[in-house]
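S.K.: This is the structure, below, for whatever I ask next.
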Amino acid sequence: MNEKALNVRQICFLFAAILPVTRMLVYPATLSYRAKNDLVWAALISFAAEFAVIALLLLLAKKTDLTFFGLVQNTFGRVAARIACFVFSLYFFFSSLLPVLEQRGFILQVFYENVSSFLSFIPFVAVSLYASVKGLRSTGRVADLSLPIFAVCIPVLLLLALPEADFTALLPVGSTGAGNIFRSAAEGMNWFGGAAYMLFFLGNFRYEKKSAVKILSAYGIGAAIVLFFLALFYGIFSDIAILQQNALAHISKYATSFTSLGRIDLLFIFALSPVLLFALCLPLQLSTRCAAEALHVRPVFPAAAIHLLLLLFILFFNQSYLEIQTLMTQKLWYVFVVFALLLPALALVLRREKGAGAGGARLKNGRRL
């Protein structure tokens, strides 16, 4: 009963290795649309906001062992807790849609250009469906697998790109204006779901001494790597940065050290693809777990429904990435601000005492949300 689905090490690996990779595809070009050479400062604002909310959630984890469901149930009752979980299930599914199309473009551009993107996503949906049924325990395992891949591949790609970067392109600082910098930060919130994930990790890991220091340090390392990546990206592409979708595949393509061997950087980009796959599974896993708790059913049923909807989405919006990106970044950015920052921060005011209904933090079959 006291066994947890996650441990602190795995959460650290998630923040240090898995989430940073998701911010290395379309996110850099999205930031450069408004922030231009100030894209690093726009990203820093987003990282600082997410860091602060995660710190608050770790403070909450230190004071209670309840899950988010248990906290809401203690405060507002079981019905409200189920409604809250259902709403978050919708949010996690919604937040997965743009990354799905983002990786569709990445797969077609980097892996194989002549295969239907719909067919190419069938294996991903199968893996995600399996992971969603298995729950957070599988998230912890893939976090352990992802760190060594990330630790080898990312430094190599950054070092290959470094000689081509002209960091003076980032000057003068603040030239685009504070309004554009903050607006760019807001429009990039689709890629900042870490605090929402942390909200649903509550009660699923054992808080130990210095857990907050370890997790926040890991988050800081991941953030620093992304910020350096963004600086390299703009230092290489400058005024044409907005045209460089899938930045991870482009940033080191001009490396000349290994010209006789061809694009050796592709080996490391291919190796990172499982990490991207695992990252894409995470919001769908949480969407499934929230729906299972809200509807009080086994995870397999909402998992099947969610992934069927995902397949239909890919089928009907296969060629509509630009429209979906514009909708979620320029028009619906506030949805991500509310669910990824505001609501997780407000969890701190929920009742932490273990009341009679605190057992609602667990499913009847023993699995924790």
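Ligands are numbered from 1 in the order shown, chains are lettered A, B, ... in the order of the structure tokens, and residues start at 1 in each chain.
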Fewer than 4 positions away in the same chain doesn't count, so skip those; otherwise give me all residues within 6 Å of stretch 237-247 of chain A, counting only C-alpha atoms, as a list in words.
M.R.: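 The contact residues come out as Met24, Leu25, Val26, Ala29, Ser32, Tyr33, Phe106 and Ile251 of chain A.
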S.K.: Could you list, as a list in words, every residue within 12 Å of A:Arg141, counting only C-alpha atoms and ignoring same-chain residues fewer than 4 positions away?
M.R.: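 Here the answer would be Ala5, Leu6, Asn7, Arg9, Gln10, Ile11, Phe13, Leu14, Ala131, Lys134, Gly135, Leu136, Arg137, Leu145, Ser146, Leu147, Val275 and Phe278 of chain A.
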S.K.: Can you pull out the residues contacting A:Tyr130? Cut-off 12 Å, using only C-alpha atoms, and skip same-chain residues under 4 positions away; I want them as a PDB file with C-alpha atoms, in the first residue's frame.
M.R.:
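Saved to part18.pdb:
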```
ATOM      1  CA  PRO A 123       3.168   2.467 -33.796  1.00  0.00           C
ATOM      2  CA  PHE A 124       3.311   5.546 -31.556  1.00  0.00           C
ATOM      3  CA  VAL A 125      -0.378   5.243 -30.694  1.00  0.00           C
ATOM      4  CA  ALA A 126       0.137   1.579 -29.826  1.00  0.00           C
ATOM      5  CA  LYS A 134       0.285   0.912 -17.253  1.00  0.00           C
ATOM      6  CA  GLY A 135       0.250   4.374 -15.657  1.00  0.00           C
ATOM      7  CA  LEU A 136       2.913   6.391 -13.887  1.00  0.00           C
ATOM      8  CA  ARG A 137       5.105   3.405 -13.083  1.00  0.00           C
ATOM      9  CA  SER A 138       5.955   3.156 -16.771  1.00  0.00           C
ATOM     10  CA  THR A 139       6.727   6.902 -16.776  1.00  0.00           C
ATOM     11  CA  PHE A 278       8.202   9.065 -24.218  1.00  0.00           C
ATOM     12  CA  CYS A 281       3.100   9.737 -24.133  1.00  0.00           C
ATOM     13  CA  LEU A 282       3.111  11.602 -20.807  1.00  0.00           C
ATOM     14  CA  LEU A 284      -1.890  11.087 -22.763  1.00  0.00           C
ATOM     15  CA  GLN A 285      -1.016   8.927 -19.746  1.00  0.00           C
ATOM     16  CA  THR A 288      -6.136   8.569 -19.141  1.00  0.00           C
ATOM     17  CA  PRO A 299      -7.842   2.857 -17.242  1.00  0.00           C
ATOM     18  CA  VAL A 300      -8.095   0.643 -20.318  1.00  0.00           C
ATOM     19  CA  PHE A 301     -11.482   2.090 -21.302  1.00  0.00           C
ATOM     20  CA  ALA A 303      -7.197   4.953 -22.779  1.00  0.00           C
ATOM     21  CA  ALA A 304      -8.860   3.303 -25.764  1.00  0.00           C
ATOM     22  CA  HIS A 307      -6.246   7.180 -28.423  1.00  0.00           C
TER      23      HIS A 307
END
```
S.K.: Got a sec: who's within 12 Å of A:Val79, counting only C-alpha atoms, leaving out chain neighbours fewer than 6 positions off, as a list in words?
M.R.: Phe69, Gly70, Val72, Gln73, Cys85, Phe86, Glu293, Ala294, Leu295, His296, Gly357 and Gly360 of chain A
S.K.: Which of these, A:Met198, A:Leu97, A:Ala224, A:Val297, has the shortest distance to A:Ile324 once you count only C-alpha atoms?
M.R.: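 That would be A:Leu97, the residue with the smallest distance to A:Ile324.
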